[in-house]
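run-v4.pdb, holding PDB, C-alpha atoms and all ligand atoms:
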```pdb
ATOM      1  CA  MET A   1      19.100 -11.456   4.460
ATOM      2  CA  PRO A   2      17.067 -12.117   1.289
ATOM      3  CA  LEU A   3      13.592 -10.754   0.577
ATOM      4  CA  VAL A   4      11.067 -12.273   2.956
ATOM      5  CA  SER A   5       7.540 -13.580   2.498
ATOM      6  CA  THR A   6       4.703 -11.791   4.280
ATOM      7  CA  LYS A   7       3.462 -15.019   5.870
ATOM      8  CA  GLU A   8       5.339 -14.767   9.139
ATOM      9  CA  MET A   9       4.935 -10.966   9.267
ATOM     10  CA  PHE A  10       1.144 -11.366   9.071
ATOM     11  CA  GLU A  11       0.970 -14.169  11.644
ATOM     12  CA  LYS A  12       2.816 -11.993  14.167
ATOM     13  CA  ALA A  13       0.818  -8.884  13.247
ATOM     14  CA  TYR A  14      -2.488 -10.727  13.634
ATOM     15  CA  GLN A  15      -1.508 -12.070  17.047
ATOM     16  CA  GLY A  16      -0.038  -8.749  18.157
ATOM     17  CA  GLY A  17      -2.939  -6.530  17.019
ATOM     18  CA  TYR A  18      -0.809  -4.351  14.749
ATOM     19  CA  ALA A  19      -0.374  -3.991  10.976
ATOM     20  CA  ILE A  20       2.522  -3.914   8.531
ATOM     21  CA  GLY A  21       2.804  -0.841   6.309
ATOM     22  CA  ALA A  22       2.862  -1.486   2.570
ATOM     23  CA  PHE A  23       4.318   1.578   0.897
ATOM     24  CA  ASN A  24       4.515   2.135  -2.867
ATOM     25  CA  VAL A  25       7.959   2.710  -4.355
ATOM     26  CA  ASN A  26       8.853   4.393  -7.641
ATOM     27  CA  ASN A  27      12.443   5.620  -7.279
ATOM     28  CA  MET A  28      15.565   5.515  -5.123
ATOM     29  CA  GLU A  29      14.665   8.371  -2.768
ATOM     30  CA  ILE A  30      11.308   6.787  -1.967
ATOM     31  CA  VAL A  31      12.907   3.370  -1.265
ATOM     32  CA  GLN A  32      15.534   5.043   0.932
ATOM     33  CA  GLY A  33      13.070   7.238   2.844
ATOM     34  CA  ILE A  34      10.771   4.305   3.665
ATOM     35  CA  THR A  35      13.489   1.833   4.617
ATOM     36  CA  GLU A  36      15.482   4.363   6.676
ATOM     37  CA  ALA A  37      12.263   4.981   8.644
ATOM     38  CA  ALA A  38      11.670   1.247   9.096
ATOM     39  CA  LYS A  39      15.274   0.850  10.282
ATOM     40  CA  LEU A  40      14.918   3.673  12.807
ATOM     41  CA  GLU A  41      11.719   2.047  14.092
ATOM     42  CA  ASN A  42      13.118  -1.510  13.827
ATOM     43  CA  SER A  43       9.962  -2.454  11.928
ATOM     44  CA  PRO A  44       9.224  -4.986   9.197
ATOM     45  CA  VAL A  45       8.042  -3.337   6.002
ATOM     46  CA  ILE A  46       6.461  -4.197   2.652
ATOM     47  CA  LEU A  47       7.642  -2.302  -0.416
ATOM     48  CA  GLN A  48       5.102  -2.518  -3.196
ATOM     49  CA  VAL A  49       5.321  -1.835  -6.893
ATOM     50  CA  SER A  50       2.379  -1.021  -9.169
ATOM     51  CA  ALA A  51       2.244  -1.687 -12.912
ATOM     52  CA  GLY A  52       2.802   2.061 -13.321
ATOM     53  CA  ALA A  53       5.913   1.950 -11.120
ATOM     54  CA  ARG A  54       7.302  -0.979 -13.124
ATOM     55  CA  LYS A  55       6.737   0.957 -16.304
ATOM     56  CA  TYR A  56       8.280   4.144 -14.883
ATOM     57  CA  ALA A  57      11.348   2.769 -13.073
ATOM     58  CA  LYS A  58      11.696  -0.644 -14.787
ATOM     59  CA  HIS A  59      11.584  -4.001 -13.029
ATOM     60  CA  ASN A  60      15.338  -4.537 -12.655
ATOM     61  CA  TYR A  61      16.019  -1.090 -11.188
ATOM     62  CA  LEU A  62      13.316  -1.632  -8.578
ATOM     63  CA  ILE A  63      14.574  -5.112  -7.664
ATOM     64  CA  LYS A  64      18.136  -3.826  -7.254
ATOM     65  CA  LEU A  65      17.020  -0.812  -5.201
ATOM     66  CA  VAL A  66      15.126  -3.083  -2.839
ATOM     67  CA  GLU A  67      18.064  -5.500  -2.597
ATOM     68  CA  ALA A  68      20.273  -2.525  -1.745
ATOM     69  CA  ALA A  69      17.824  -1.467   0.979
ATOM     70  CA  ILE A  70      18.018  -4.956   2.514
ATOM     71  CA  LEU A  71      21.828  -4.784   2.481
ATOM     72  CA  GLU A  72      21.804  -1.324   4.072
ATOM     73  CA  THR A  73      19.207  -2.044   6.769
ATOM     74  CA  GLY A  74      19.296  -5.811   7.426
ATOM     75  CA  LEU A  75      15.514  -5.603   7.889
ATOM     76  CA  PRO A  76      12.881  -8.162   6.905
ATOM     77  CA  ILE A  77      11.532  -6.589   3.704
ATOM     78  CA  ALA A  78       8.902  -8.093   1.390
ATOM     79  CA  LEU A  79       8.631  -6.978  -2.242
ATOM     80  CA  HIS A  80       5.045  -7.074  -3.442
ATOM     81  CA  LEU A  81       3.263  -6.475  -6.753
ATOM     82  CA  ASP A  82       0.406  -4.031  -6.107
ATOM     83  CA  HIS A  83      -2.831  -4.525  -8.125
ATOM     84  CA  GLY A  84      -1.591  -7.124 -10.594
ATOM     85  CA  GLU A  85      -4.334  -7.081 -13.182
ATOM     86  CA  ASP A  86      -3.745 -10.428 -14.895
ATOM     87  CA  PHE A  87      -1.807 -13.687 -14.692
ATOM     88  CA  GLU A  88       0.966 -12.415 -17.002
ATOM     89  CA  ILE A  89       2.119  -9.506 -14.817
ATOM     90  CA  CYS A  90       1.945 -11.695 -11.700
ATOM     91  CA  LYS A  91       4.037 -14.383 -13.428
ATOM     92  CA  ALA A  92       6.591 -11.788 -14.578
ATOM     93  CA  CYS A  93       7.007 -10.557 -10.980
ATOM     94  CA  ILE A  94       7.152 -14.085  -9.532
ATOM     95  CA  ASP A  95       9.776 -15.101 -12.119
ATOM     96  CA  GLY A  96      11.537 -11.770 -11.599
ATOM     97  CA  GLY A  97      12.181 -12.129  -7.860
ATOM     98  CA  PHE A  98       9.198 -10.639  -5.982
ATOM     99  CA  SER A  99       8.244 -12.392  -2.733
ATOM    100  CA  SER A 100       4.534 -11.519  -2.893
ATOM    101  CA  VAL A 101       1.996 -10.581  -5.573
ATOM    102  CA  MET A 102      -1.522  -9.217  -5.627
ATOM    103  CA  ILE A 103      -3.911 -10.436  -8.267
ATOM    104  CA  ASP A 104      -6.692  -7.852  -8.379
ATOM    105  CA  GLY A 105      -9.590  -9.683  -9.999
ATOM    106  CA  SER A 106     -12.136  -7.390  -8.351
ATOM    107  CA  LYS A 107     -13.324  -5.953 -11.677
ATOM    108  CA  HIS A 108     -14.396  -9.460 -12.795
ATOM    109  CA  SER A 109     -17.439 -11.507 -11.839
ATOM    110  CA  PHE A 110     -17.086 -13.655  -8.693
ATOM    111  CA  GLU A 111     -16.408 -16.813 -10.738
ATOM    112  CA  GLU A 112     -13.895 -15.097 -13.054
ATOM    113  CA  ASN A 113     -12.155 -13.531 -10.057
ATOM    114  CA  ILE A 114     -11.839 -16.994  -8.488
ATOM    115  CA  ALA A 115     -10.497 -18.487 -11.734
ATOM    116  CA  VAL A 116      -7.743 -15.909 -12.338
ATOM    117  CA  THR A 117      -6.821 -15.743  -8.638
ATOM    118  CA  LYS A 118      -6.500 -19.535  -8.414
ATOM    119  CA  GLN A 119      -4.334 -19.590 -11.545
ATOM    120  CA  VAL A 120      -1.958 -17.063  -9.925
ATOM    121  CA  VAL A 121      -1.980 -18.876  -6.554
ATOM    122  CA  ASP A 122      -1.086 -22.220  -8.166
ATOM    123  CA  TYR A 123       1.864 -20.685 -10.005
ATOM    124  CA  ALA A 124       2.995 -18.494  -7.085
ATOM    125  CA  HIS A 125       2.871 -21.234  -4.445
ATOM    126  CA  ALA A 126       4.854 -23.562  -6.725
ATOM    127  CA  HIS A 127       7.541 -20.856  -6.672
ATOM    128  CA  GLY A 128       7.402 -20.004  -2.950
ATOM    129  CA  VAL A 129       5.562 -16.703  -3.444
ATOM    130  CA  VAL A 130       2.473 -15.581  -1.494
ATOM    131  CA  VAL A 131      -0.663 -14.064  -3.031
ATOM    132  CA  GLU A 132      -3.113 -11.316  -2.040
ATOM    133  CA  GLY A 133      -6.571 -11.431  -3.646
ATOM    134  CA  GLU A 134      -9.346  -8.816  -3.612
ATOM    135  CA  LEU A 135     -13.100  -9.039  -3.150
ATOM    136  CA  GLY A 136     -15.199  -5.880  -3.440
ATOM    137  CA  LYS A 137     -14.326  -2.749  -5.397
ATOM    138  CA  LEU A 138     -12.683   0.420  -4.093
ATOM    139  CA  ALA A 139     -13.508   3.741  -5.682
ATOM    140  CA  GLY A 140     -10.699   6.004  -6.812
ATOM    141  CA  ILE A 141      -8.587   6.915  -9.749
ATOM    142  CA  GLU A 142      -4.929   6.029 -10.119
ATOM    143  CA  ASP A 143      -2.987   5.315 -13.289
ATOM    144  CA  ALA A 144      -3.938   1.698 -13.408
ATOM    145  CA  VAL A 145      -6.714   1.527 -10.827
ATOM    146  CA  ASN A 146      -9.794   3.228 -12.107
ATOM    147  CA  VAL A 147     -13.139   2.469 -10.523
ATOM    148  CA  SER A 148     -15.827   5.130 -10.554
ATOM    149  CA  GLU A 149     -17.706   5.906  -7.350
ATOM    150  CA  GLU A 150     -20.889   4.338  -8.721
ATOM    151  CA  ASP A 151     -19.072   1.084  -9.496
ATOM    152  CA  ALA A 152     -17.438   0.834  -6.077
ATOM    153  CA  GLN A 153     -18.983  -1.748  -3.822
ATOM    154  CA  PHE A 154     -18.359  -3.053  -0.348
ATOM    155  CA  THR A 155     -17.146  -6.616   0.110
ATOM    156  CA  ASN A 156     -19.959  -9.084   0.692
ATOM    157  CA  PRO A 157     -18.896 -11.082   3.788
ATOM    158  CA  ALA A 158     -21.026 -14.036   2.663
ATOM    159  CA  GLU A 159     -18.586 -14.587  -0.223
ATOM    160  CA  VAL A 160     -15.254 -14.561   1.602
ATOM    161  CA  GLU A 161     -15.010 -18.170   2.840
ATOM    162  CA  GLU A 162     -15.779 -19.596  -0.598
ATOM    163  CA  PHE A 163     -13.330 -17.172  -2.262
ATOM    164  CA  VAL A 164     -10.489 -18.002   0.114
ATOM    165  CA  SER A 165     -11.039 -21.769   0.128
ATOM    166  CA  ARG A 166     -11.444 -22.092  -3.651
ATOM    167  CA  THR A 167      -8.477 -19.858  -4.526
ATOM    168  CA  GLY A 168      -6.024 -20.638  -1.709
ATOM    169  CA  VAL A 169      -5.005 -16.959  -1.364
ATOM    170  CA  ASP A 170      -2.759 -16.010   1.555
ATOM    171  CA  SER A 171      -4.405 -12.658   2.323
ATOM    172  CA  LEU A 172      -7.506 -10.792   1.193
ATOM    173  CA  ALA A 173      -8.080  -7.123   0.385
ATOM    174  CA  ILE A 174     -11.600  -5.988   1.205
ATOM    175  CA  ALA A 175     -13.625  -2.844   0.461
ATOM    176  CA  ILE A 176     -15.067  -1.157   3.555
ATOM    177  CA  GLY A 177     -15.206   2.469   2.405
ATOM    178  CA  THR A 178     -11.602   3.455   1.727
ATOM    179  CA  SER A 179     -10.586   4.519  -1.781
ATOM    180  CA  HIS A 180      -7.441   5.306  -3.735
ATOM    181  CA  GLY A 181      -5.960   8.774  -4.165
ATOM    182  CA  ALA A 182      -6.135  12.009  -2.165
ATOM    183  CA  TYR A 183      -9.864  12.701  -2.538
ATOM    184  CA  LYS A 184     -11.599   9.949  -0.630
ATOM    185  CA  PHE A 185     -14.705  11.760   0.552
ATOM    186  CA  LYS A 186     -16.691  14.666  -0.848
ATOM    187  CA  PRO A 187     -15.984  18.099   0.718
ATOM    188  CA  GLY A 188     -17.914  18.309   3.991
ATOM    189  CA  GLN A 189     -18.543  14.557   4.043
ATOM    190  CA  LYS A 190     -17.683  12.751   7.266
ATOM    191  CA  PRO A 191     -15.283   9.813   6.740
ATOM    192  CA  ARG A 192     -16.937   6.508   7.580
ATOM    193  CA  LEU A 193     -15.664   2.949   7.309
ATOM    194  CA  ARG A 194     -17.773  -0.211   7.521
ATOM    195  CA  PHE A 195     -16.130  -1.839  10.525
ATOM    196  CA  ASP A 196     -19.160  -4.113  10.755
ATOM    197  CA  ILE A 197     -18.096  -5.706   7.447
ATOM    198  CA  LEU A 198     -14.508  -6.127   8.676
ATOM    199  CA  GLU A 199     -15.845  -7.692  11.879
ATOM    200  CA  GLU A 200     -18.043 -10.147   9.980
ATOM    201  CA  VAL A 201     -15.248 -11.049   7.533
ATOM    202  CA  SER A 202     -12.875 -11.824  10.401
ATOM    203  CA  ARG A 203     -15.562 -13.849  12.188
ATOM    204  CA  ARG A 204     -15.892 -15.966   9.050
ATOM    205  CA  LEU A 205     -12.115 -16.210   8.478
ATOM    206  CA  PRO A 206     -10.577 -16.546  11.945
ATOM    207  CA  GLY A 207      -6.853 -15.782  11.993
ATOM    208  CA  PHE A 208      -6.799 -14.862   8.299
ATOM    209  CA  PRO A 209      -4.909 -11.667   7.317
ATOM    210  CA  ILE A 210      -7.006  -8.881   5.803
ATOM    211  CA  VAL A 211      -5.568  -6.030   3.702
ATOM    212  CA  LEU A 212      -6.733  -2.431   3.628
ATOM    213  CA  HIS A 213      -6.061  -0.451   0.456
ATOM    214  CA  GLY A 214      -6.616   3.267   0.025
ATOM    215  CA  ALA A 215      -5.431   4.051   3.557
ATOM    216  CA  SER A 216      -3.763   7.450   3.145
ATOM    217  CA  SER A 217      -4.849  10.064   5.661
ATOM    218  CA  VAL A 218      -4.007  13.061   3.457
ATOM    219  CA  PRO A 219      -2.669  15.332   6.244
ATOM    220  CA  GLN A 220      -3.983  18.858   5.778
ATOM    221  CA  GLU A 221      -0.634  20.449   6.573
ATOM    222  CA  TYR A 222       0.883  18.880   3.455
ATOM    223  CA  VAL A 223      -1.974  20.030   1.222
ATOM    224  CA  GLN A 224      -1.510  23.513   2.699
ATOM    225  CA  THR A 225       2.239  23.428   2.045
ATOM    226  CA  VAL A 226       1.680  22.367  -1.563
ATOM    227  CA  ASN A 227      -0.782  25.220  -2.030
ATOM    228  CA  GLN A 228       1.374  27.751  -0.164
ATOM    229  CA  TYR A 229       4.237  27.090  -2.574
ATOM    230  CA  GLY A 230       2.464  27.349  -5.898
ATOM    231  CA  GLY A 231       0.224  24.279  -5.983
ATOM    232  CA  SER A 232      -3.534  24.297  -6.363
ATOM    233  CA  MET A 233      -4.898  21.166  -4.738
ATOM    234  CA  PRO A 234      -8.607  21.172  -3.929
ATOM    235  CA  ASP A 235      -9.750  20.292  -0.389
ATOM    236  CA  ALA A 236      -8.835  16.680   0.247
ATOM    237  CA  ILE A 237     -10.155  14.298   2.896
ATOM    238  CA  GLY A 238      -8.396  11.044   3.798
ATOM    239  CA  ILE A 239      -8.933   8.224   6.278
ATOM    240  CA  PRO A 240      -8.596   9.457   9.868
ATOM    241  CA  GLU A 241      -5.622   7.781  11.541
ATOM    242  CA  GLU A 242      -7.785   6.709  14.462
ATOM    243  CA  MET A 243      -9.738   4.481  12.061
ATOM    244  CA  LEU A 244      -6.517   2.932  10.767
ATOM    245  CA  ARG A 245      -5.432   2.216  14.348
ATOM    246  CA  GLN A 246      -8.740   0.477  14.902
ATOM    247  CA  ALA A 247      -8.375  -1.590  11.699
ATOM    248  CA  ALA A 248      -4.812  -2.560  12.679
ATOM    249  CA  SER A 249      -6.028  -3.786  16.065
ATOM    250  CA  MET A 250      -8.567  -6.019  14.274
ATOM    251  CA  ALA A 251      -7.875  -8.524  11.441
ATOM    252  CA  VAL A 252      -6.144  -5.998   9.156
ATOM    253  CA  CYS A 253      -2.472  -7.012   8.889
ATOM    254  CA  LYS A 254      -1.414  -4.938   5.846
ATOM    255  CA  ILE A 255      -2.227  -1.262   5.313
ATOM    256  CA  ASN A 256      -1.465   0.274   1.908
ATOM    257  CA  ILE A 257      -0.209   3.852   1.773
ATOM    258  CA  ASP A 258       0.924   5.672  -1.350
ATOM    259  CA  SER A 259      -0.809   9.045  -1.731
ATOM    260  CA  ASP A 260       0.496  10.388   1.604
ATOM    261  CA  LEU A 261       4.067   9.727   0.469
ATOM    262  CA  ARG A 262       3.493  11.430  -2.880
ATOM    263  CA  LEU A 263       1.925  14.384  -1.128
ATOM    264  CA  CYS A 264       4.589  14.946   1.517
ATOM    265  CA  MET A 265       7.424  14.507  -0.992
ATOM    266  CA  THR A 266       5.842  17.019  -3.370
ATOM    267  CA  ALA A 267       5.232  19.470  -0.516
ATOM    268  CA  ALA A 268       8.891  19.234   0.556
ATOM    269  CA  VAL A 269      10.261  19.662  -2.977
ATOM    270  CA  ARG A 270       7.962  22.609  -3.703
ATOM    271  CA  LYS A 271       8.984  24.268  -0.429
ATOM    272  CA  HIS A 272      12.668  23.691  -1.107
ATOM    273  CA  LEU A 273      12.539  25.157  -4.598
ATOM    274  CA  ALA A 274      10.446  28.136  -3.487
ATOM    275  CA  GLU A 275      12.862  28.904  -0.646
ATOM    276  CA  HIS A 276      15.980  28.321  -2.752
ATOM    277  CA  PRO A 277      15.186  29.633  -6.227
ATOM    278  CA  ASP A 278      18.876  29.439  -7.152
ATOM    279  CA  HIS A 279      19.175  25.677  -6.509
ATOM    280  CA  PHE A 280      19.433  23.450  -9.530
ATOM    281  CA  ASP A 281      21.198  20.370  -8.123
ATOM    282  CA  PRO A 282      18.495  17.662  -7.863
ATOM    283  CA  ARG A 283      20.252  16.197  -4.793
ATOM    284  CA  GLN A 284      19.374  19.327  -2.864
ATOM    285  CA  TYR A 285      15.613  19.180  -3.325
ATOM    286  CA  LEU A 286      15.323  15.370  -3.571
ATOM    287  CA  ALA A 287      17.088  15.065  -0.206
ATOM    288  CA  ASP A 288      14.288  17.141   1.312
ATOM    289  CA  GLY A 289      11.729  14.909  -0.421
ATOM    290  CA  ARG A 290      13.450  11.816   0.987
ATOM    291  CA  ASP A 291      13.550  13.323   4.518
ATOM    292  CA  ALA A 292       9.833  14.059   4.289
ATOM    293  CA  ILE A 293       9.115  10.443   3.320
ATOM    294  CA  ARG A 294      11.262   9.158   6.175
ATOM    295  CA  ASN A 295       9.408  11.366   8.664
ATOM    296  CA  ILE A 296       5.903  10.438   7.539
ATOM    297  CA  VAL A 297       6.715   6.705   7.383
ATOM    298  CA  ARG A 298       8.190   6.823  10.907
ATOM    299  CA  HIS A 299       5.005   8.467  12.086
ATOM    300  CA  LYS A 300       2.820   5.846  10.362
ATOM    301  CA  ILE A 301       4.851   2.944  11.786
ATOM    302  CA  HIS A 302       5.108   4.359  15.292
ATOM    303  CA  ASP A 303       1.792   6.129  15.818
ATOM    304  CA  VAL A 304      -0.651   4.372  13.475
ATOM    305  CA  LEU A 305       0.378   0.844  12.468
ATOM    306  CA  GLY A 306       2.015  -0.147  15.757
ATOM    307  CA  SER A 307       4.836  -2.177  14.163
ATOM    308  CA  THR A 308       7.719  -0.410  15.944
ATOM    309  CA  GLY A 309      10.194  -2.930  17.354
ATOM    310  CA  LYS A 310       8.613  -5.895  15.552
ATOM    311  CA  ALA A 311      11.383  -6.562  12.979
TER     312      ALA A 311
HETATM  313  O1  LIG B 401      -3.310   1.745  -5.674
HETATM  314  C1  LIG B 401      -2.584   2.339  -6.460
HETATM  315  C2  LIG B 401      -1.284   2.895  -6.038
HETATM  316  O2  LIG B 401      -1.445   4.118  -5.379
HETATM  317  C3  LIG B 401      -0.349   2.950  -7.199
HETATM  318  O3  LIG B 401      -0.677   3.983  -8.063
HETATM  319  O4  LIG B 401      -0.789   2.989 -10.355
HETATM  320  O5  LIG B 401      -0.332   5.456  -9.997
HETATM  321  O6  LIG B 401       1.427   3.752  -9.425
HETATM  322  P1  LIG B 401      -0.048   4.061  -9.563
HETATM  323  P1  LIG B 402      -3.746   5.539  -1.113
HETATM  324  O1  LIG B 402      -4.021   6.175  -2.437
HETATM  325  O2  LIG B 402      -4.824   5.841  -0.127
HETATM  326  O3  LIG B 402      -2.401   5.851  -0.598
HETATM  327  O4  LIG B 402      -3.804   3.933  -1.330
HETATM  328  C1  LIG B 402      -2.707   3.236  -1.848
HETATM  329  C2  LIG B 402      -3.037   1.837  -2.203
HETATM  330  O5  LIG B 402      -4.045   1.278  -1.849
HETATM  331  C3  LIG B 402      -2.042   1.120  -3.025
HETATM  332  O6  LIG B 402      -2.506  -0.144  -3.388
HETATM  333 ZN    ZN B 403      -4.621  -0.298  -3.707
END
```

Please express what this file holds, its structure, as structure tokens.
Amino acid sequence: MPLVSTKEMFEKAYQGGYAIGAFNVNNMEIVQGITEAAKLENSPVILQVSAGARKYAKHNYLIKLVEAAILETGLPIALHLDHGEDFEICKACIDGGFSSVMIDGSKHSFEENIAVTKQVVDYAHAHGVVVEGELGKLAGIEDAVNVSEEDAQFTNPAEVEEFVSRTGVDSLAIAIGTSHGAYKFKPGQKPRLRFDILEEVSRRLPGFPIVLHGASSVPQEYVQTVNQYGGSMPDAIGIPEEMLRQAASMAVCKINIDSDLRLCMTAAVRKHLAEHPDHFDPRQYLADGRDAIRNIVRHKIHDVLGSTGKA
């Protein structure tokens, strides 16, 4: 089976009131952990690659790893560019075999966002590739995604119909209070998402797939494990899983998770090395990292996203 588009995945997810997990990949163990979990759950899955991942692992390695995962699992897998910042990177991924790209024009004005998004959609659709756009800005700091808290802004529902009809995007990422990274809320702050905005967006775009970025839950037990074995992470607050379940039951068809995978892999590797100070074969500690990814992705698919059995 070749790479698949997200089109059919989203149609089924919308109808079925569940969401597809979009997990970021950077190396072989991460690809294996995620896709082994999806296989065990018989779930469709989206593997996504950021500009930073492409720089770290190189485009061709990532493509071949994902092709290998399809051969091993036989699952419907989409390969998606996460946060493409301009036409050039989107074109490189479309030409280079991805089945889906995101053009993140959210840092631009409304008109400039429409212009660059439409340029990507025209090129992508001519090549059979689907496109995710973004309206509204998430806070949070990643390598390539850097929006300060003051600059973050919720999506304005009054803009979504015009954005979607003028650009022709296939799905839309919106900002309702999630953010990238492990520190989504200030210590002591109660997590809150603007479900009223999601509701209004879906009322204006019936049947249209919405994407939620910044959806890691940052499980406390992993932060504790990191800190127990030599780390020093400050208190971190993520998105409660109950809120993700609610989003998945609404118009949200794609839920992006990266930080949770980083965190549980790091916790497992730290624990392994602390408990086995004599180990120096990377396969020993990376296998534990891969197991940790498989376990957390199974949990997300089965208990949060609801996509078990939907492959
Ligand atoms: O949204 C950003 C993703 O978590 C990717 O992060 O740019 O550090 O690879 P990265
Ligand atoms: P997290 O940092 O919450 O995992 O979000 C990942 C993401 O949105 C990737 O695009
Ligand atoms: Zn994101």

Quick check, in Å to one decimal: how far apart do atom CA of Asp196 of chain A and atom CA of Leu135 of chain A lie? 15.9 Å

Please determine an axis-aligned box that encloses all atoms of segment 164-169 of chain A listed in the file, with 3 Å added on each side, and express its centre and edge lengths in Å to one decimal as JSON.
```
{"center_x": -8.2, "center_y": -19.5, "center_z": -2.2, "size_x": 12.4, "size_y": 11.1, "size_z": 10.7}
```

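Among the candidate residues A:Gln48, A:Asn42, A:Ser216, A:Ser106, the one lying nearest to Ala173 of chain A is A:Ser106, with distances computed using all atoms listed in the file.
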
Please evaluate the PyMOL selection byres (((chain A and resi 171) around 7) and not hetatm) against the displayed coordinates and give the resulting residues as a PyMOL selection string. chain A and resi 131-133+169-170+172-173+208-211

Just write the chosen residues, C-alpha atoms, as a PDB file, in the frame of the given file.
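Below is the file out_31.pdb, written as the result:
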```pdb
ATOM      1  CA  VAL A 131      -0.663 -14.064  -3.031  1.00  0.00           C
ATOM      2  CA  GLU A 132      -3.113 -11.316  -2.040  1.00  0.00           C
ATOM      3  CA  GLY A 133      -6.571 -11.431  -3.646  1.00  0.00           C
ATOM      4  CA  VAL A 169      -5.005 -16.959  -1.364  1.00  0.00           C
ATOM      5  CA  ASP A 170      -2.759 -16.010   1.555  1.00  0.00           C
ATOM      6  CA  LEU A 172      -7.506 -10.792   1.193  1.00  0.00           C
ATOM      7  CA  ALA A 173      -8.080  -7.123   0.385  1.00  0.00           C
ATOM      8  CA  PHE A 208      -6.799 -14.862   8.299  1.00  0.00           C
ATOM      9  CA  PRO A 209      -4.909 -11.667   7.317  1.00  0.00           C
ATOM     10  CA  ILE A 210      -7.006  -8.881   5.803  1.00  0.00           C
ATOM     11  CA  VAL A 211      -5.568  -6.030   3.702  1.00  0.00           C
TER      12      VAL A 211
END
```

Between A:Gly96, A:Gly33, A:Gly214, A:Gly231, which has the minimum distance to ligand LIG 401 (chain B) (counting only C-alpha atoms and all ligand atoms)? A:Gly214

Starting from the displayed file, determine the output of the PyMOL selection byres (((chain A and resi 185) around 12) and not hetatm) and express the residue list as a PyMOL selection string. chain A and resi 139-140+149+177-184+186-193+214+217-218+235-240

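Computed from the coordinates, the atom CA of Leu198 of chain A to atom CA of Ser109 of chain A distance equals 21.4 Å.
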
Produce as a list in words the set of residues near ligand LIG 401 (chain B), where near means within 8 Å with all atoms listed in the file considered. Asn24, Asn26, Val49, Ser50, Ala51, Gly52, Ala53, Asp82, His83, Glu142, Asp143, Ala144, Val145, His180, Gly181, His213, Gly214, Asn256, Ile257, Asp258 and Ser259 of chain A

Explicit residue set for the PyMOL selection byres (((chain A and resi 225) around 10) and not hetatm), as a PyMOL selection string: chain A and resi 220-224+226-231+263-264+266-268+270-271

Just the number, please: distance in Å from atom CA of Ser202 of chain A to atom CA of Glu161 of chain A, one decimal.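 Computing the Euclidean distance for atom CA of Ser202 of chain A and atom CA of Glu161 of chain A yields 10.1 Å.
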
So, counting only C-alpha atoms, which residue among A:Glu11, A:Glu67, A:Glu72, A:Glu111 is closest to Ala38 of chain A?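 Residue with the minimum atom-to-atom distance to Ala38 of chain A: A:Glu72.
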
Name the residues in contact with segment 294-299 of chain A at a cut-off of 10 Å, using only C-alpha atoms, excluding same-chain residues fewer than 3 positions from it; report them as a VMD selection string. chain A and resid 21 23 29 to 41 43 219 257 260 to 261 264 to 265 288 to 291 302 to 306 308
